[in-house]
Every structure is written in C-alpha cells, then in structure tokens.
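This report concerns only the one structure given below.
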Amino acid sequence: MRRIIITALLSALFVFNGIADEGMWLPMLVGKNIKEMQRMGFKLTADDIYSVNQSSLKDAIVQFGGGCTAELISAEGLLITNHHCGFSQIQAHSSVDHDYLTNGFWAMSRQEELPNPGLTVRFLVRMEDVTALVLTGVTPEMKESDRQSKLSDNIRELSKKVEAEGVGYKAVVRPMYYGNEYYLFLYEEFSDVRLVGAPPVSIGKFGGDTDNWVWPRHTGDFSMFRIYADKDNKPAPYSASNVPYKPKKHLPISMKGIQEDDFTLVYGFPGRTQQFITSHAVEMLINQSNPHKINLRNTRLSIFNHYSEANDTIRIQYASKHARVANAWKKWIGETIGLRRLDAVAKKRELENMFTAWASKSPELQNKYGDLMPTFKRLYNELTPLSLIVDYRNEAVYAVELVDFASRFDRVIAEAVKPNRDNEAFEIAKNKLVTYARRFYKDFNINVDVEVFAAMLKAYHEQIPAGYQPEFLGNLHQSCQGNWLQLAGEFYSQSVFADSVRVFTLLNDLDSTSARHFQADNIYGVYAQFENQYIDKVESRYYQISDSLNILYRTYVGGLMRMQADKRFFPDANSTMRFTYGRVGGFEPKDGVVYSHYTTLDGIIEKSTQANVPDYVPPVKLIDLYQKKDFGQYAVNGTVPVAFIGTNHTTGGNSGSPVIDANGNLIGVNFDRCWESTMSDVMFDPNYCRNIALDIRYALFVIDKFAGAGHLLNEMSIVR
Ligand code: ARG
Ligand code: ASP
C-alpha cells in the first residue's frame, strides 16, 4: 500500500518534472536529456556522451558481432562483453580435448589470443538526421511501393557517398517512428577480433537456464576480446602482422563500488522494442504467438536436454543452440505473464480511445486519423491466422536442423541446373555453402534431429488448420499412423543430407546431374513442399498486411506525437546506438518479497549447496578461495560483490553494455533483465523493470584471483 502511494506521488512528480523512467535515447540528441541526467547526479557533459569533434564515451563502445555490445577497457584494444555474447566463439575453439567451455580460457600472452573468423565489431563514427535527404522526391500521394523504391535509391546513394570517407566504413540508415524520421549511422568496422579470456561456464553461465532472466543472480557473465588493426590503426582482415588497436577512448574502471540510488548510464545497442503496438497486436502476442512458440520450444528443449545429459559430445555440440532456444523461450513466458499482470491490452485500449476522441476534434484530424483504429482491428483480424503459420514456419519447420540446412542448397541447385549459368556467382555460392556445411556438421547430431523432425511435423499436423497444411503432411500422417518417430528415422536414413561425406563429394564437383540428387532428396522435398504452400497461401498476403500496418503505424505514431505534444518520445530500439539512464535499486517483485540491489559470492556458495541443481556447481577453485576468504583487494564486507540491478531501460542487444557511473567510470557490464521486467519491450513499468549487471569488481576478482591472469589488469585504468 505504502509503495502504491509513493509510486503515485512519484509518478505525479515525474510528470511535472518531465523525468523519464523509460527511454532509449539517440546519442546525438543527448542535449534533450542532459539537464535531467545532471539533476540525477551525472557529472559529465553532453559532449562527453557524444561528440564528433572530440573523443567521447561512444568511442569506447562497440556493437559486438551484430547482436551484443562491448566496451574498450584498455588503450591496447582490450574489450569486455558478456560470456553469452562470446559464447559461440568460445564454443568454436572448444573440443572434448580443449574444453574452454568447461575450463575457461586465458591467453597468457598476445601470441595465445585466438582469432575468430566472421566476428566483427563496429564503432560509431557519427550519426545524422537524414530525414529530408531520404524523403527527397517522396510525395504523400505516392504508392507505398514507389515510396519504398525511392527511399532505397536515396539511401543507397547516401551510403555509397559516406562509406567512401574511410577504410572499413559501413553506413546504416534506419527509420525511426515507423518512417516519420530517418537517421544515418556511420560505423568503422573491424574484423580481426581475438579471444583473450573467458571464465569456465560454471562462472560465466553460473545459474544457467535455471537463473536466466531471474534475480537474484550470480552469473559471472563476461568474456574478453582484443581488436587488432593494421599498422596505421585501421581496420584490416586477420593477419599475424596486425597490432592491437588503439581506441580513441577506453573506460576507466571504478573499484569504488555501488550504492543504492547511485546514478547509472547504460550505453549500447538495444535490438528491438515495440512500445507503440496496438491492443490488437498485444492480444495476438499473448493469446496466440507466445503460447504456441513456447510450446514448440518446450518440445525441442526437452529433446536437447535428454541427449545432452547422456552424452558429452552432444552437450558441447548443442550448448550454444540450447542457450539460444532456451533464452527466448523463457523470455516469452515472462513477457506473457508481465503483460497480463499489467493488463496491457486494457491500457492500450484506453490510449486508443483517447486517440479516437482526440481525432474527432476537428475535420482535419478526423480525416487523417478517424479510420485508424477500425482499420487496425480489421487488419489484425486477418493477420492473426496467417501469423500462426509464420510462427510454425519459423519455430517448427525451420527448427528441424536438416530441413533448414537443405533449404540453404536452394540457390546453388538453381544455378547448377541452369543451362547457361553465371559461373562466378555459382562458385561463390558453392564455396559459401561448403564453409557453412563444415560448421553445420561439426555440431550436428542426427539422433537429436530425427526426434525434433518427428515432433515438429506432428505439432504442425495437429495445430495448423487443414487449409494451411501441405498435402504431403496429411499423407505421411496416414501412412505412418501416428508413428512420426519411425517415419522420421526412415526419412533420415534415406537422405543425402544426413551423410556429410556424400554431401561434400557431391558439392565438390557439382553439376546439373549431381544437383538433381539434392533436389530429389526427401528432406529437401519436405522443405520445398512447406515452402511452396507457404508461398502459395500465406506469404504475399502476410506481407501486404504487414506493409499496410507499417503505414498505419507511421500515421498513428505521428498522430500520438501531435496529441501528446509535451511528451518526450524516443524511437523504438532498432539495433542503433542508444543510451539510457537510471539508478541502482532493488524492488518488490511480489507481495511480501523485497529484492535488494546486489548479490555477493555468499549467494554462489548458498546456491551450490542446494542439492541436484547442475546449474549451481561453482568451480572447486572458487569454493576454495571462498573458504580461505582469499579475496585480496576485492573484498567488501567479508565477501565479493557479484551483480547488481538498476532502473535502466534495456533490451536484447544491450548485453555487454557498459554500466557507467556519474563520473564516466565503468562499474558493471549489463547482461540481463529481471523476470518481472521482460514485458518492457512492449510496456515499461518503473515498479518492476530492472536491468541486471555484473559488478565489474567480480570480473576483476575472477581474472586476477581465480584465473591468475592478473597481467591483464596492468593494461586497464583502475580508479580506486
Ligand atoms: N537472458 C539474457 C539475454 O537475453 C542472457 C542469455 C544467455 N544465458 C542463458 N542461460 N541462455 O540475452
Ligand atoms: N540478455 C539480453 C542480451 O543479450 C539483455 C536483455 O534482454 O535484457 O542482450
């Protein structure tokens, strides 16, 4: 009760002061937020956050591998990100003999750092509002497709021009507010990025999927890499002669620790939020999409678990896949609960009713916005059944690894059987496929996939309305009489794709004859038949509706911004660089429960004494350090801090983002959100939304005392 009153008072205050509790802000527009940040305790200036004339915090932060964030922590290109962000690289270097997942990896010299083909990081050189440029030649009367092609032309031309400004420059132009605005992001991309260190999974993924998305948390979720450049400090492909990159800026690390209510800044690359979606979309999400996708993943995960528990090779092969599948699965569960608890559908309706009422105030408004809500409703009604098919296509059909693999032969087969093919394009596509196939087979287990195949076909057959079933599926159901597993076994025993040696032989001298082996394959056939009926019955209508919705949202969001002219809006996350700020602080997840804002090593030991939780087994050496209280300079009140939570608005992609204190020092590495927060991509609630960060002092403790890699600390700038 008391909390409710305080919250009500606080929200009233927030409204008066314009203090935002949510928001992922564009660095270039930091001027709009800086006063408030300074009032909250931030000591730096707008130019310290983002500047094109001097080095600023943005120069110490990179987008890591497309889906995560990382920050520079030394003048010699050393960066820190999450363990789960470096996971696939750590896994790729691992085998039963060199099991870096289980044992950790620490390069004791620069020579021992491990290159990672395919991994890139990008720095933001600058950003620009290019709305006017991008919309040049676009008129309101234009057909949407003409508008899109005009936009693409403008963007292509602009990108080409700015990419010529520097080596490794990559331009990205992204719509904001559904295309009401456009921004250019110019990046400098580096591709020689080497693995420097990673703790064992028993630290880096301590708590595993049991604790994932949950507080209290004790995961030492970090790994370290180093960026290499050519002798001129410019991006260059991997070469033994490359040297450590010298960043314009790296973050000093604070050993001073955190207190409740301390100001925090999180700066990184949030992936995707959908704050503006209507009540209809939320209904579809929580009543249809999430429940179905969750069920399909339940099935897949239990198959993975079953095999991983019995076999170490499979455990390593499927570790990364398991983590990926489990991660979204668990998030969807939390998100659904959170949106229901918030009564998100009703809240959205309330806003929509307000909007409709506002739109009826003048003929001009009525004319522009009057039809929006009924149109949304009509389109979502039509979209909902189609969207189920799309979900099953992604989460059932392509969840079968061999079907997904076979689908990748499409282009090569098409080229191979062409009478006059483009030989160069053919060779490129073929070589790409060979590389892909090598990686695929390294982590592929046929027994696992046979079971997945059986379960997914069965689910598709049972859940999808008859009108959307490919014909072969019904026939198979008849012929196997419900014994999908036996059928799957037969399919795999006859498939070329199940035999890697044959696949490579056929690929090696691929011509129109051998291509027909692939084409006639039964697994390829499964892919082709699902795909054909999807193309026939779903695809074009689905995309037409999505395009129409996109236009509606452009109008709707533009209208909301007019209706609430005093509100400070932020564009949805779209993998572009953003900052967000808040404070260190706990919360009350449910009646009678209070979460404090930090965890310690004590909690790791506590969890480890719970019987039978394989995710809670810390390394012996860590227990040893704990028992001897051998904490060195990292001791705080007789233990070591491990993680903390704050009120920062984050999402997927913010993993690895620096958590920065009022003075611009690194205090933590963001890695997750609390279970009660997972609806924040759709609706943020300051009472429940907390980001989870690794306390940087725990990382230093692990590097120094646990791993004996203290030499790495010498290159960091540590503030005491
Ligand atoms: N939930 C976090 C994020 O979305 C961490 C996921 C990695 N950990 C795991 N146990 N799967 O990315
Ligand atoms: N764990 C997420 C990530 O990998 C962060 C989040 O969703 O809060 O980006």
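Each chain in the structure tokens gets a letter, A, B, ..., in the order shown, and its residues are numbered from 1; ligands are numbered from 1 in order too.
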Give me, as a PyMOL selection string, the set of residues whose atoms come within 9 Å of any atom of ligand 1, counting only C-alpha atoms and all ligand atoms. chain A and resi 68+82-85+87+205-214+221+320+322-328+330-331+651-655+671-674
Give me, as a list in words, all polymer residues having an atom no more than 8 Å from Pro117 (chain A), counting only C-alpha atoms and skipping those fewer than 6 positions away in the same chain.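 So the residues in contact are Ser191, Asp192 and Tyr238 of chain A.
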Using the chain letters and numbers from this document, which residues of region 274-418 of chain A does DSSP assign to alpha helix (DSSP H), as a PyMOL selection string? chain A and resi 279-284+290-310+312-341+344-359+363-369+372-392+401-407+410-416
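Here the question is which of A:Phe225, A:Tyr543, A:Phe190, A:Phe269 gets nearest to ligand 2 using only C-alpha atoms and all ligand atoms, and that residue is A:Phe269.
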Just want the 10 Å neighbourhood of Val526 (chain A), counted on only C-alpha atoms, with same-chain residues fewer than 3 positions away dropped. Output as number ranges by chain. A: 397, 403, 406-407, 457, 470, 472-473, 491, 521-523, 529-532
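Of the listed residues (A:Gln627, A:Ser95, A:Thr273, A:Gln54), A:Thr273 comes nearest to ligand 2; the distances count only C-alpha atoms and all ligand atoms.
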Quick one: residues within 10 Å of Val282 (chain A), only C-alpha atoms, excluding same-chain residues fewer than 4 positions away - as JSON, numbers by chain? {"A": [274, 277, 278, 286, 287, 288, 289, 336, 339, 340, 344, 345, 346, 348, 682]}
Using only C-alpha atoms, determine which residues lie at most 12 Å from Lys143 (chain A), disregarding the query and same-chain residues fewer than 5 positions distant; provide the list as a JSON list (two decimals) with all heavy atoms, in the first residue's frame.
```
[["chain", "number", "residue", "atom", "x", "y", "z"],
["A", 138, "VAL", "N", 9.91, 12.02, -52.36],
["A", 138, "VAL", "CA", 8.78, 11.23, -51.87],
["A", 138, "VAL", "C", 7.59, 12.16, -51.67],
["A", 138, "VAL", "O", 7.72, 13.22, -51.07],
["A", 138, "VAL", "CB", 9.13, 10.54, -50.53],
["A", 138, "VAL", "CG1", 7.91, 9.89, -49.91],
["A", 138, "VAL", "CG2", 10.23, 9.50, -50.76],
["A", 148, "GLN", "N", 8.88, 3.22, -51.25],
["A", 148, "GLN", "CA", 9.99, 2.38, -50.80],
["A", 148, "GLN", "C", 11.14, 2.39, -51.79],
["A", 148, "GLN", "O", 12.31, 2.44, -51.41],
["A", 148, "GLN", "CB", 9.51, 0.93, -50.55],
["A", 148, "GLN", "CG", 8.66, 0.74, -49.30],
["A", 148, "GLN", "CD", 9.30, 1.33, -48.05],
["A", 148, "GLN", "OE1", 10.52, 1.45, -47.92],
["A", 148, "GLN", "NE2", 8.46, 1.74, -47.09],
["A", 149, "SER", "N", 10.83, 2.34, -53.09],
["A", 149, "SER", "CA", 11.95, 2.25, -54.02],
["A", 149, "SER", "C", 12.68, 3.59, -54.12],
["A", 149, "SER", "O", 13.89, 3.64, -54.24],
["A", 149, "SER", "CB", 11.52, 1.70, -55.38],
["A", 149, "SER", "OG", 10.77, 2.65, -56.07],
["A", 150, "LYS", "N", 11.92, 4.68, -53.98],
["A", 150, "LYS", "CA", 12.56, 6.00, -53.93],
["A", 150, "LYS", "C", 13.48, 6.09, -52.71],
["A", 150, "LYS", "O", 14.64, 6.52, -52.80],
["A", 150, "LYS", "CB", 11.47, 7.09, -53.87],
["A", 150, "LYS", "CG", 11.97, 8.49, -53.96],
["A", 150, "LYS", "CD", 12.30, 8.89, -55.41],
["A", 150, "LYS", "CE", 13.42, 9.93, -55.42],
["A", 150, "LYS", "NZ", 14.27, 9.92, -56.57],
["A", 547, "ASP", "N", 2.80, -4.55, -44.59],
["A", 547, "ASP", "CA", 3.10, -3.24, -45.18],
["A", 547, "ASP", "C", 2.02, -2.22, -44.84],
["A", 547, "ASP", "O", 2.31, -1.08, -44.49],
["A", 547, "ASP", "CB", 3.24, -3.34, -46.71],
["A", 547, "ASP", "CG", 4.54, -4.03, -47.10],
["A", 547, "ASP", "OD1", 5.41, -4.21, -46.21],
["A", 547, "ASP", "OD2", 4.70, -4.41, -48.28],
["A", 548, "SER", "N", 0.76, -2.66, -44.95],
["A", 548, "SER", "CA", -0.32, -1.74, -44.61],
["A", 548, "SER", "C", -0.23, -1.33, -43.15],
["A", 548, "SER", "O", -0.46, -0.16, -42.81],
["A", 548, "SER", "CB", -1.69, -2.38, -44.85],
["A", 548, "SER", "OG", -1.73, -2.98, -46.10],
["A", 551, "ILE", "N", 2.30, 1.38, -42.61],
["A", 551, "ILE", "CA", 1.82, 2.73, -42.95],
["A", 551, "ILE", "C", 0.90, 3.25, -41.86],
["A", 551, "ILE", "O", 1.00, 4.40, -41.44],
["A", 551, "ILE", "CB", 1.06, 2.72, -44.30],
["A", 551, "ILE", "CG1", 1.93, 2.10, -45.39],
["A", 551, "ILE", "CG2", 0.63, 4.12, -44.69],
["A", 551, "ILE", "CD1", 1.18, 1.85, -46.68]]
```
Run DSSP on the backbone and grab whatever in region 170-260 of chain A lands in strand (DSSP E or B); send it over as a PyMOL selection string. chain A and resi 170-176+181-190+192-198+223-229+243-244+253-254
Write out as number ranges by chain each polymer residue whose atoms come within 9 Å of Gly66 (chain A), counting only C-alpha atoms; drop sequence neighbours fewer than 6 positions from it. A: 119-122, 575, 653
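For the choices A:Ile428, A:Ile337, A:Ala573, A:Leu351, the atom-to-atom distance to Met679 (chain A) is smallest for A:Ile337 when using only C-alpha atoms.
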Closest contacts (region 349-458 of chain A/region 511-518 of chain A, max 8 Å, only C-alpha atoms) as JSON lines:
```
{"residue": "A:Phe409", "atom": "CA", "partner": "A:Phe518", "partner_atom": "CA", "distance": 7.9}
{"residue": "A:Ile413", "atom": "CA", "partner": "A:Ala515", "partner_atom": "CA", "distance": 5.5}
{"residue": "A:Ala416", "atom": "CA", "partner": "A:Ser512", "partner_atom": "CA", "distance": 5.1}
{"residue": "A:Val417", "atom": "CA", "partner": "A:Ser512", "partner_atom": "CA", "distance": 4.4}
{"residue": "A:Lys418", "atom": "CA", "partner": "A:Ser512", "partner_atom": "CA", "distance": 7.6}
```
For C-alpha atoms, I'd like the residues from the last selection saved as a PDB file, in the first residue's frame.
```
ATOM      1  CA  PHE A 409      21.021 -25.506 -51.077  1.00  0.00           C
ATOM      2  CA  ILE A 413      20.888 -26.056 -57.027  1.00  0.00           C
ATOM      3  CA  ALA A 416      23.653 -25.714 -61.174  1.00  0.00           C
ATOM      4  CA  VAL A 417      20.685 -26.830 -63.239  1.00  0.00           C
ATOM      5  CA  LYS A 418      20.559 -23.642 -65.317  1.00  0.00           C
TER       6      LYS A 418
END
```
Between CA of Leu694 (chain A) and CA of Arg226 (chain A), distance in Å (one decimal):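 Separation between CA of Leu694 (chain A) and CA of Arg226 (chain A): 19.9 Å.
The two atoms in question, CA of Gly86 (chain A) and CA of Gly271 (chain A), are spaced 17.1 Å apart.
The two atoms in question, CA of Ala528 (chain A) and CA of Tyr398 (chain A), are spaced 11.8 Å apart.
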Find, counting only C-alpha atoms, the residue in A:Lys458, A:Arg39, A:Lys256, A:Lys170 that gets nearest to Gly482 (chain A).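 The shortest atom-to-atom distance to Gly482 (chain A) comes from A:Lys458.
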Taking into account only C-alpha atoms, which residue in the set A:Gln317, A:Ser254, A:Asn431, A:Asn670 is nearest to Met716 (chain A)?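 Looking only at the distances to Met716 (chain A), the closest residue turns out to be A:Ser254.
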Give me the residues within 9 Å of Glu539 (chain A) as a list in words, counting only C-alpha atoms and dropping any in the same chain fewer than 4 places off.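 That gives Leu386, Val390, Tyr534, Ile535, Tyr543 and Gln544 of chain A.
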